[in-house]
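*Asks:* Got a structure for you, final-v1.pdb, holding PDB, C-alpha atoms.
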MODEL        1
ATOM      1  CA  MET A   1      -2.506 -61.669  37.783
ATOM      2  CA  ASN A   2       0.656 -59.614  37.511
ATOM      3  CA  LYS A   3       0.926 -55.937  36.636
ATOM      4  CA  GLN A   4       1.492 -56.451  32.920
ATOM      5  CA  GLN A   5      -1.455 -58.840  32.678
ATOM      6  CA  LEU A   6      -3.663 -56.346  34.492
ATOM      7  CA  PHE A   7      -2.709 -53.571  32.088
ATOM      8  CA  GLU A   8      -3.364 -55.889  29.148
ATOM      9  CA  GLN A   9      -6.868 -56.559  30.460
ATOM     10  CA  ILE A  10      -7.448 -52.810  30.801
ATOM     11  CA  GLN A  11      -6.401 -52.331  27.186
ATOM     12  CA  ARG A  12      -8.441 -55.278  25.929
ATOM     13  CA  LYS A  13     -11.636 -54.324  27.742
ATOM     14  CA  LYS A  14     -11.056 -50.563  27.386
ATOM     15  CA  SER A  15     -11.969 -50.261  31.021
ATOM     16  CA  PHE A  16     -10.429 -49.845  34.457
ATOM     17  CA  LEU A  17     -13.687 -50.495  36.257
ATOM     18  CA  CYS A  18     -13.830 -52.483  39.474
ATOM     19  CA  ILE A  19     -17.249 -53.609  40.700
ATOM     20  CA  GLY A  20     -17.823 -53.926  44.422
ATOM     21  CA  LEU A  21     -19.917 -56.939  45.380
ATOM     22  CA  ASP A  22     -21.325 -55.833  48.743
ATOM     23  CA  PRO A  23     -24.744 -57.506  48.889
ATOM     24  CA  VAL A  24     -27.249 -56.944  51.691
ATOM     25  CA  LEU A  25     -29.971 -59.588  51.875
ATOM     26  CA  ASP A  26     -32.748 -57.055  52.577
ATOM     27  CA  LYS A  27     -31.837 -55.097  49.435
ATOM     28  CA  LEU A  28     -31.893 -58.029  47.046
ATOM     29  CA  PRO A  29     -34.632 -58.387  44.424
ATOM     30  CA  LYS A  30     -37.419 -60.372  46.055
ATOM     31  CA  HIS A  31     -37.579 -63.008  43.338
ATOM     32  CA  LEU A  32     -34.100 -64.204  44.355
ATOM     33  CA  LEU A  33     -35.306 -65.251  47.795
ATOM     34  CA  LYS A  34     -36.565 -68.516  46.320
ATOM     35  CA  TYR A  35     -32.962 -69.670  45.822
ATOM     36  CA  GLU A  36     -31.126 -71.664  48.458
ATOM     37  CA  ASP A  37     -28.442 -68.964  48.489
ATOM     38  CA  PRO A  38     -29.981 -65.695  47.229
ATOM     39  CA  ILE A  39     -26.762 -63.708  47.656
ATOM     40  CA  LEU A  40     -24.747 -66.173  45.608
ATOM     41  CA  GLU A  41     -27.358 -66.096  42.842
ATOM     42  CA  PHE A  42     -27.326 -62.280  42.960
ATOM     43  CA  ASN A  43     -23.532 -62.235  42.624
ATOM     44  CA  LYS A  44     -23.454 -64.821  39.845
ATOM     45  CA  GLN A  45     -25.989 -62.977  37.721
ATOM     46  CA  LEU A  46     -24.163 -59.677  38.255
ATOM     47  CA  ILE A  47     -20.840 -61.234  37.267
ATOM     48  CA  ASP A  48     -22.321 -62.878  34.190
ATOM     49  CA  ALA A  49     -23.864 -59.565  33.105
ATOM     50  CA  THR A  50     -20.807 -57.331  33.646
ATOM     51  CA  HIS A  51     -17.546 -59.282  33.419
ATOM     52  CA  ASP A  52     -16.753 -58.046  29.905
ATOM     53  CA  LEU A  53     -17.074 -54.422  31.058
ATOM     54  CA  CYS A  54     -14.861 -54.506  34.142
ATOM     55  CA  VAL A  55     -11.349 -55.668  34.963
ATOM     56  CA  ALA A  56     -11.853 -56.351  38.679
ATOM     57  CA  TYR A  57     -14.355 -57.425  41.308
ATOM     58  CA  LYS A  58     -14.095 -56.474  44.968
ATOM     59  CA  PRO A  59     -16.264 -58.331  47.465
ATOM     60  CA  ASN A  60     -16.135 -56.682  50.899
ATOM     61  CA  THR A  61     -15.768 -59.637  53.235
ATOM     62  CA  ALA A  62     -17.829 -58.050  56.013
ATOM     63  CA  PHE A  63     -20.965 -58.463  53.915
ATOM     64  CA  TYR A  64     -20.309 -62.218  53.911
ATOM     65  CA  GLU A  65     -18.860 -62.688  57.394
ATOM     66  CA  THR A  66     -22.009 -61.244  58.931
ATOM     67  CA  ARG A  67     -23.843 -64.396  57.812
ATOM     68  CA  GLY A  68     -21.395 -66.739  59.519
ATOM     69  CA  VAL A  69     -20.437 -70.059  57.964
ATOM     70  CA  LYS A  70     -23.061 -69.723  55.225
ATOM     71  CA  GLY A  71     -21.759 -66.289  54.277
ATOM     72  CA  TRP A  72     -18.177 -67.536  54.089
ATOM     73  CA  ASP A  73     -19.350 -70.359  51.833
ATOM     74  CA  THR A  74     -21.030 -67.750  49.612
ATOM     75  CA  LEU A  75     -17.751 -65.835  49.395
ATOM     76  CA  VAL A  76     -15.851 -68.976  48.377
ATOM     77  CA  LYS A  77     -18.423 -69.869  45.721
ATOM     78  CA  THR A  78     -18.463 -66.274  44.469
ATOM     79  CA  TRP A  79     -14.683 -66.413  44.037
ATOM     80  CA  GLN A  80     -15.053 -69.700  42.181
ATOM     81  CA  HIS A  81     -17.486 -68.048  39.757
ATOM     82  CA  PHE A  82     -15.130 -65.214  38.797
ATOM     83  CA  PRO A  83     -13.795 -65.500  35.221
ATOM     84  CA  LYS A  84     -10.046 -65.986  34.916
ATOM     85  CA  ASP A  85      -9.590 -62.680  33.096
ATOM     86  CA  VAL A  86     -10.624 -60.456  36.021
ATOM     87  CA  PHE A  87      -8.517 -59.174  38.894
ATOM     88  CA  THR A  88     -10.002 -60.215  42.232
ATOM     89  CA  ILE A  89      -9.813 -58.184  45.432
ATOM     90  CA  ALA A  90     -10.669 -59.475  48.879
ATOM     91  CA  ASP A  91     -11.675 -56.254  50.592
ATOM     92  CA  ALA A  92     -10.908 -57.507  54.089
ATOM     93  CA  LYS A  93      -8.769 -54.659  55.527
ATOM     94  CA  ARG A  94      -6.664 -57.087  57.521
ATOM     95  CA  GLY A  95      -3.394 -56.397  59.323
ATOM     96  CA  ASP A  96      -2.039 -57.781  62.583
ATOM     97  CA  ILE A  97       1.174 -59.112  64.130
ATOM     98  CA  GLY A  98       3.166 -61.235  61.732
ATOM     99  CA  ASN A  99       1.958 -64.753  62.542
ATOM    100  CA  THR A 100      -1.682 -63.609  62.456
ATOM    101  CA  SER A 101      -1.174 -61.790  59.162
ATOM    102  CA  ALA A 102       0.368 -64.988  57.798
ATOM    103  CA  MET A 103      -2.901 -66.774  58.589
ATOM    104  CA  TYR A 104      -4.940 -63.986  56.994
ATOM    105  CA  ALA A 105      -2.772 -64.235  53.872
ATOM    106  CA  GLU A 106      -3.316 -67.988  53.737
ATOM    107  CA  ALA A 107      -7.074 -67.498  54.093
ATOM    108  CA  PHE A 108      -7.284 -65.304  51.001
ATOM    109  CA  PHE A 109      -4.378 -66.553  48.875
ATOM    110  CA  ASN A 110      -4.109 -70.310  49.465
ATOM    111  CA  GLU A 111      -6.825 -72.158  47.582
ATOM    112  CA  GLN A 112      -5.817 -75.513  49.059
ATOM    113  CA  SER A 113      -6.368 -74.133  52.542
ATOM    114  CA  SER A 114      -9.483 -71.978  52.188
ATOM    115  CA  GLY A 115     -10.939 -72.682  48.759
ATOM    116  CA  MET A 116     -10.021 -69.181  47.550
ATOM    117  CA  SER A 117      -7.038 -67.576  45.876
ATOM    118  CA  PHE A 118      -7.754 -63.886  45.380
ATOM    119  CA  ASP A 119      -5.264 -61.778  43.432
ATOM    120  CA  SER A 120      -5.126 -59.211  46.220
ATOM    121  CA  VAL A 121      -6.275 -58.244  49.680
ATOM    122  CA  THR A 122      -6.752 -54.833  51.289
ATOM    123  CA  VAL A 123      -4.531 -54.311  54.320
ATOM    124  CA  ALA A 124      -4.415 -51.711  57.097
ATOM    125  CA  PRO A 125      -0.886 -50.292  57.576
ATOM    126  CA  TYR A 126      -1.097 -49.126  61.192
ATOM    127  CA  MET A 127       0.961 -51.975  62.712
ATOM    128  CA  GLY A 128       3.824 -51.525  60.280
ATOM    129  CA  GLU A 129       5.994 -53.637  58.010
ATOM    130  CA  ASP A 130       5.876 -56.929  59.926
ATOM    131  CA  SER A 131       2.070 -56.893  59.723
ATOM    132  CA  VAL A 132       2.166 -56.426  55.935
ATOM    133  CA  SER A 133       5.139 -58.537  54.827
ATOM    134  CA  PRO A 134       3.400 -61.954  55.233
ATOM    135  CA  PHE A 135       0.994 -60.972  52.459
ATOM    136  CA  LEU A 136       3.972 -60.210  50.209
ATOM    137  CA  ASN A 137       5.359 -63.737  50.479
ATOM    138  CA  TYR A 138       2.985 -64.930  47.743
ATOM    139  CA  PRO A 139       4.385 -64.335  44.222
ATOM    140  CA  GLU A 140       2.100 -62.300  41.960
ATOM    141  CA  LYS A 141      -0.286 -61.580  44.833
ATOM    142  CA  TRP A 142      -0.938 -58.004  45.822
ATOM    143  CA  VAL A 143      -1.290 -55.928  48.957
ATOM    144  CA  ILE A 144      -3.647 -52.994  48.562
ATOM    145  CA  LEU A 145      -2.691 -50.710  51.424
ATOM    146  CA  LEU A 146      -5.087 -48.175  52.898
ATOM    147  CA  ALA A 147      -3.662 -44.715  52.281
ATOM    148  CA  LEU A 148      -6.280 -41.959  51.909
ATOM    149  CA  THR A 149      -9.848 -43.146  52.299
ATOM    150  CA  SER A 150     -13.154 -41.628  51.244
ATOM    151  CA  ASN A 151     -15.008 -41.828  54.578
ATOM    152  CA  ALA A 152     -15.835 -38.843  56.780
ATOM    153  CA  GLY A 153     -13.350 -39.846  59.473
ATOM    154  CA  PHE A 154     -10.278 -39.699  57.213
ATOM    155  CA  LYS A 155      -9.335 -36.367  58.768
ATOM    156  CA  ASP A 156      -8.981 -37.849  62.250
ATOM    157  CA  PHE A 157      -5.587 -39.370  61.387
ATOM    158  CA  GLN A 158      -4.775 -39.601  57.687
ATOM    159  CA  VAL A 159      -4.120 -35.924  56.993
ATOM    160  CA  LYS A 160      -2.548 -35.034  60.351
ATOM    161  CA  GLN A 161       0.784 -33.323  59.860
ATOM    162  CA  SER A 162       3.889 -34.914  61.378
ATOM    163  CA  GLU A 163       7.147 -33.139  60.696
ATOM    164  CA  ASP A 164       7.063 -32.419  56.957
ATOM    165  CA  GLN A 165       4.483 -35.014  55.873
ATOM    166  CA  LYS A 166       0.869 -35.899  56.420
ATOM    167  CA  LEU A 167       0.285 -39.372  57.837
ATOM    168  CA  TYR A 168      -1.041 -40.812  54.548
ATOM    169  CA  GLU A 169       2.062 -39.476  52.785
ATOM    170  CA  GLN A 170       4.248 -41.255  55.345
ATOM    171  CA  VAL A 171       2.297 -44.464  54.767
ATOM    172  CA  ILE A 172       2.992 -44.324  51.024
ATOM    173  CA  SER A 173       6.629 -43.225  51.204
ATOM    174  CA  THR A 174       7.533 -45.784  53.896
ATOM    175  CA  SER A 175       5.595 -48.763  52.523
ATOM    176  CA  SER A 176       6.889 -48.234  48.990
ATOM    177  CA  LYS A 177      10.277 -49.416  50.312
ATOM    178  CA  TRP A 178       8.840 -52.787  51.401
ATOM    179  CA  THR A 179       8.206 -53.972  47.844
ATOM    180  CA  ASP A 180       7.805 -52.486  44.389
ATOM    181  CA  SER A 181       4.791 -51.488  42.311
ATOM    182  CA  ASN A 182       4.390 -55.065  41.087
ATOM    183  CA  GLN A 183       2.980 -56.153  44.453
ATOM    184  CA  MET A 184       1.702 -53.014  46.164
ATOM    185  CA  MET A 185      -1.304 -50.819  45.416
ATOM    186  CA  TYR A 186      -2.871 -48.053  47.479
ATOM    187  CA  VAL A 187      -6.453 -47.209  48.357
ATOM    188  CA  VAL A 188      -7.170 -43.562  47.556
ATOM    189  CA  GLY A 189     -10.747 -42.305  47.713
ATOM    190  CA  ALA A 190     -12.282 -40.636  44.668
ATOM    191  CA  THR A 191     -13.656 -37.892  46.907
ATOM    192  CA  LYS A 192     -10.040 -36.786  47.500
ATOM    193  CA  ALA A 193      -9.341 -36.042  43.838
ATOM    194  CA  GLU A 194      -7.380 -32.900  44.702
ATOM    195  CA  GLU A 195      -4.726 -35.081  46.367
ATOM    196  CA  PHE A 196      -4.000 -37.304  43.370
ATOM    197  CA  LYS A 197      -1.322 -35.024  41.946
ATOM    198  CA  ASN A 198       0.541 -35.177  45.242
ATOM    199  CA  ILE A 199       0.059 -38.954  45.527
ATOM    200  CA  ARG A 200       1.519 -39.457  42.062
ATOM    201  CA  THR A 201       4.715 -37.719  43.167
ATOM    202  CA  LEU A 202       5.024 -40.310  45.954
ATOM    203  CA  ALA A 203       3.834 -43.347  43.980
ATOM    204  CA  PRO A 204       4.214 -42.630  40.255
ATOM    205  CA  ASP A 205       4.168 -46.269  39.123
ATOM    206  CA  HIS A 206       1.730 -47.880  41.542
ATOM    207  CA  PHE A 207      -1.838 -48.862  40.835
ATOM    208  CA  LEU A 208      -4.414 -47.060  42.953
ATOM    209  CA  LEU A 209      -7.706 -48.619  44.002
ATOM    210  CA  VAL A 210     -10.202 -45.769  43.960
ATOM    211  CA  PRO A 211     -13.531 -46.188  45.755
ATOM    212  CA  GLY A 212     -16.106 -43.429  45.931
ATOM    213  CA  VAL A 213     -17.236 -43.002  42.314
ATOM    214  CA  GLY A 214     -20.992 -43.304  41.887
ATOM    215  CA  ALA A 215     -23.132 -43.332  45.013
ATOM    216  CA  GLN A 216     -20.433 -41.562  47.076
ATOM    217  CA  GLY A 217     -20.203 -38.707  44.589
ATOM    218  CA  GLY A 218     -16.593 -38.930  43.423
ATOM    219  CA  SER A 219     -15.762 -37.588  39.950
ATOM    220  CA  LEU A 220     -14.141 -40.002  37.493
ATOM    221  CA  SER A 221     -12.758 -37.210  35.321
ATOM    222  CA  ALA A 222     -11.242 -35.424  38.330
ATOM    223  CA  VAL A 223      -9.569 -38.638  39.510
ATOM    224  CA  CYS A 224      -8.133 -39.344  36.070
ATOM    225  CA  GLU A 225      -6.799 -35.835  35.518
ATOM    226  CA  PHE A 226      -3.897 -36.497  37.884
ATOM    227  CA  GLY A 227      -4.299 -40.190  38.734
ATOM    228  CA  LEU A 228      -3.528 -41.851  35.390
ATOM    229  CA  ASN A 229      -0.022 -43.091  34.690
ATOM    230  CA  LYS A 230       1.649 -44.802  31.737
ATOM    231  CA  GLU A 231      -0.008 -48.145  32.575
ATOM    232  CA  CYS A 232      -3.335 -46.554  33.502
ATOM    233  CA  GLY A 233      -2.567 -47.146  37.181
ATOM    234  CA  LEU A 234      -6.179 -46.917  38.340
ATOM    235  CA  LEU A 235      -8.855 -49.364  39.379
ATOM    236  CA  VAL A 236     -11.969 -47.294  39.946
ATOM    237  CA  ASN A 237     -14.557 -49.038  42.091
ATOM    238  CA  ALA A 238     -18.311 -48.625  41.925
ATOM    239  CA  ALA A 239     -20.668 -50.759  43.979
ATOM    240  CA  ARG A 240     -24.116 -49.518  44.973
ATOM    241  CA  SER A 241     -24.705 -47.512  41.792
ATOM    242  CA  ILE A 242     -24.265 -50.731  39.780
ATOM    243  CA  ILE A 243     -25.434 -53.630  41.909
ATOM    244  CA  TYR A 244     -28.577 -51.835  43.114
ATOM    245  CA  ALA A 245     -29.449 -50.160  39.814
ATOM    246  CA  SER A 246     -32.745 -52.064  40.002
ATOM    247  CA  ASN A 247     -34.451 -54.215  42.621
ATOM    248  CA  GLY A 248     -36.615 -56.007  40.064
ATOM    249  CA  GLU A 249     -36.145 -59.046  37.886
ATOM    250  CA  ASP A 250     -34.125 -56.857  35.500
ATOM    251  CA  PHE A 251     -31.483 -56.092  38.148
ATOM    252  CA  ALA A 252     -28.630 -57.713  36.194
ATOM    253  CA  GLU A 253     -29.629 -55.967  32.973
ATOM    254  CA  LYS A 254     -29.775 -52.592  34.732
ATOM    255  CA  ALA A 255     -26.462 -53.275  36.440
ATOM    256  CA  ARG A 256     -24.931 -53.889  33.033
ATOM    257  CA  GLU A 257     -26.345 -50.599  31.753
ATOM    258  CA  GLU A 258     -24.734 -48.695  34.635
ATOM    259  CA  ALA A 259     -21.434 -50.525  34.180
ATOM    260  CA  LEU A 260     -21.525 -49.827  30.452
ATOM    261  CA  LEU A 261     -21.893 -46.080  31.058
ATOM    262  CA  LEU A 262     -18.755 -46.097  33.193
ATOM    263  CA  GLN A 263     -16.876 -48.331  30.758
ATOM    264  CA  GLN A 264     -17.688 -46.022  27.865
ATOM    265  CA  GLU A 265     -16.491 -42.995  29.836
ATOM    266  CA  MET A 266     -13.308 -44.866  30.735
ATOM    267  CA  GLU A 267     -12.728 -45.843  27.113
ATOM    268  CA  GLN A 268     -12.754 -42.193  26.087
ATOM    269  CA  ILE A 269     -10.330 -41.332  28.900
ATOM    270  CA  LEU A 270      -7.958 -44.120  27.845
ATOM    271  CA  LEU A 271      -8.134 -43.015  24.212
ATOM    272  CA  SER A 272      -7.395 -39.418  25.149
ATOM    273  CA  ALA A 273      -4.404 -40.561  27.183
ATOM    274  CA  ASN A 274      -3.116 -42.738  24.285
ATOM    275  CA  LEU A 275      -3.281 -45.850  26.454
ATOM    276  CA  ILE A 276      -5.352 -47.856  23.962
TER     277      ILE A 276
ENDMDL
END
Now, as a test, write the supplied structure out as structure tokens.

*Replies:*
Amino acid sequence: MNKQQLFEQIQRKKSFLCIGLDPVLDKLPKHLLKYEDPILEFNKQLIDATHDLCVAYKPNTAFYETRGVKGWDTLVKTWQHFPKDVFTIADAKRGDIGNTSAMYAEAFFNEQSSGMSFDSVTVAPYMGEDSVSPFLNYPEKWVILLALTSNAGFKDFQVKQSEDQKLYEQVISTSSKWTDSNQMMYVVGATKAEEFKNIRTLAPDHFLLVPGVGAQGGSLSAVCEFGLNKECGLLVNAARSIIYASNGEDFAEKAREEALLLQQEMEQILLSANLI
């Protein structure tokens, strides 16, 4: 899915919601345990209940890798269940020397090789351009580079001052020269809403993947105040507040209700910004 197609989906669905599919077996509704693959059934029912309300899904690969071969098979089958009109994010946070990154890119982008072809993958920038460029060799596939995260440890490195820029600012200004906004996004945590104005001076045209709304306490309105651009430019992720809205047999219905609340709020924001 290219940038124009993504914006068209945002306009059509009146939403820039991304749903994180980070299932933990112990937290699943008990009635799903009768299935051969409870996590896959959980994901499929969530997708079926919410796909018209969101424009993206983001499975964090760690939640699948922890279950070994069976978990990887669940990830592949989850990808296969995604509708064609959603943007898919492999939240893998990869990044290594070039030949290793090339293998990571093949794992997530080459369906013939791995059974999956996600639209994008999250990548750590620490090892520099040669660790990121292999992911950019796939047309209309995206790198979502970690910039300013929502975890407590962000202050250890990301906001350290070096010369006239903080480290996260250097990440954005340097990496934006590697490709354009048609292939690069940035992760910026919703709990850092005060930084969005500054980030938009560095990356005015890029999409930003924004975790931290919902269970982590980030404010959607605060993010949008400075984060929106002329093509929306935001994918706001919510995971736990949606997927664990209920642990009963109505879990998918309750997940839809939570997703609908966010979609309706997003629709009003898009209307106010004259984007729909």

*Asks:* Fewer than 6 positions away in the same chain doesn't count, so skip those; otherwise give me all residues within 7 Å of range 199-210 of chain A, counting all atoms listed in the file, as a list in words.

*Replies:*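 Listed by chain and then number, they are Ile172, Ser173, Ser181, Met184, Met185, Tyr186, Val187, Val188, Gly189, Ala190, Gly227, Asn229, Gly233, Leu234, Leu235, Val236 and Asn237 of chain A.
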
*Asks:* Quick one: apply the PyMOL selection byres ((chain A and resi 17-31) around 6) to the file and drop the selected residues here as a ChimeraX atom specification.

*Replies:* /A:15-16,32-33,54-60,63,235-239,247-248

*Asks:* For Phe108 in chain A, find every residue with an atom within 10 Å (counting only C-alpha atoms), except residues of its own chain fewer than 3 positions away, and show them as a list in words.

*Replies:*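 Answer for this query is Val76, Ile89, Ala90, Ala92, Met103, Tyr104, Ala105, Glu111, Ser113, Ser114, Gly115, Met116, Ser117, Phe118, Asp119, Ser120, Val121 and Phe135 of chain A.
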
*Asks:* Can you work out the spacing between CA of Leu220 in chain A and CA of Lys166 in chain A in Å, to one decimal?

*Replies:* 24.5 Å

*Asks:* Would you translate the PyMOL selection byres ((chain A and resi 95) around 7) into the concrete set of residues it matches in this file, as a PDB file with C-alpha atoms, in the coordinates of the input?

*Replies:*
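Full text of result03.pdb as output:
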ATOM      1  CA  LYS A  93      -8.769 -54.659  55.527  1.00  0.00           C
ATOM      2  CA  ARG A  94      -6.664 -57.087  57.521  1.00  0.00           C
ATOM      3  CA  ASP A  96      -2.039 -57.781  62.583  1.00  0.00           C
ATOM      4  CA  SER A 101      -1.174 -61.790  59.162  1.00  0.00           C
ATOM      5  CA  VAL A 123      -4.531 -54.311  54.320  1.00  0.00           C
ATOM      6  CA  ALA A 124      -4.415 -51.711  57.097  1.00  0.00           C
ATOM      7  CA  PRO A 125      -0.886 -50.292  57.576  1.00  0.00           C
ATOM      8  CA  SER A 131       2.070 -56.893  59.723  1.00  0.00           C
ATOM      9  CA  VAL A 132       2.166 -56.426  55.935  1.00  0.00           C
TER      10      VAL A 132
END

*Asks:* Got a sec: who's within 6 Å of range 270-276 of chain A, counting all atoms listed in the file, leaving out chain neighbours fewer than 2 positions off, as a list of chain:residue names?

*Replies:* A:Gln11, A:Glu267, A:Gln268

*Asks:* Between CA of Lys34 in chain A and CA of Lys70 in chain A, what is the distance in Å, rounded to a tenth?

*Replies:*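 CA of Lys70 in chain A lies at a distance of 16.2 Å from CA of Lys34 in chain A.
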
*Asks:* Using the chain letters and numbers from this file, what does the PyMOL selection byres ((chain A and resi 260) around 10) select? Give the answer as a list of chain:residue names.

*Replies:*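 Checked against the file, the PyMOL selection byres ((chain A and resi 260) around 10) matches A:Ser15, A:Leu17, A:Thr50, A:Asp52, A:Leu53, A:Cys54, A:Ile242, A:Lys254, A:Ala255, A:Arg256, A:Glu257, A:Glu258, A:Ala259, A:Leu261, A:Leu262, A:Gln263, A:Gln264, A:Glu265, A:Met266.
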
*Asks:* Can those selected residues be exported to a file as a compact mmCIF listing (two decimals), keeping the file's coordinate frame so that it contains C-alpha atoms?

*Replies:*
# COMPACT_ATOMS: atom_id res chain seq x y z
CA SER A 15 -11.97 -50.26 31.02
CA LEU A 17 -13.69 -50.50 36.26
CA THR A 50 -20.81 -57.33 33.65
CA ASP A 52 -16.75 -58.05 29.90
CA LEU A 53 -17.07 -54.42 31.06
CA CYS A 54 -14.86 -54.51 34.14
CA ILE A 242 -24.26 -50.73 39.78
CA LYS A 254 -29.78 -52.59 34.73
CA ALA A 255 -26.46 -53.28 36.44
CA ARG A 256 -24.93 -53.89 33.03
CA GLU A 257 -26.34 -50.60 31.75
CA GLU A 258 -24.73 -48.70 34.64
CA ALA A 259 -21.43 -50.52 34.18
CA LEU A 261 -21.89 -46.08 31.06
CA LEU A 262 -18.76 -46.10 33.19
CA GLN A 263 -16.88 -48.33 30.76
CA GLN A 264 -17.69 -46.02 27.86
CA GLU A 265 -16.49 -43.00 29.84
CA MET A 266 -13.31 -44.87 30.74

*Asks:* So which one's closest to Met1 in chain A, A:Glu129, A:Glu36, A:Lys141, A:Lys13? Using all atoms listed in the file, please.

*Replies:*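 Of A:Glu129, A:Glu36, A:Lys141, A:Lys13, the one nearest Met1 in chain A, counting all atoms listed in the file, is A:Lys141.
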
*Asks:* CA of Ile39 in chain A to CA of Glu65 in chain A: how many Å, to one decimal?

*Replies:*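 If I compute the distance from CA of Ile39 in chain A to CA of Glu65 in chain A, I get 12.6 Å.
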
*Asks:* So, with only C-alpha atoms as the atoms that count, which of A:Cys224, A:Ala62, A:Val171, A:Val159 lies closest to Leu146 in chain A?

*Replies:*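 Ranking A:Cys224, A:Ala62, A:Val171, A:Val159 by distance to Leu146 in chain A, first place goes to A:Val171.
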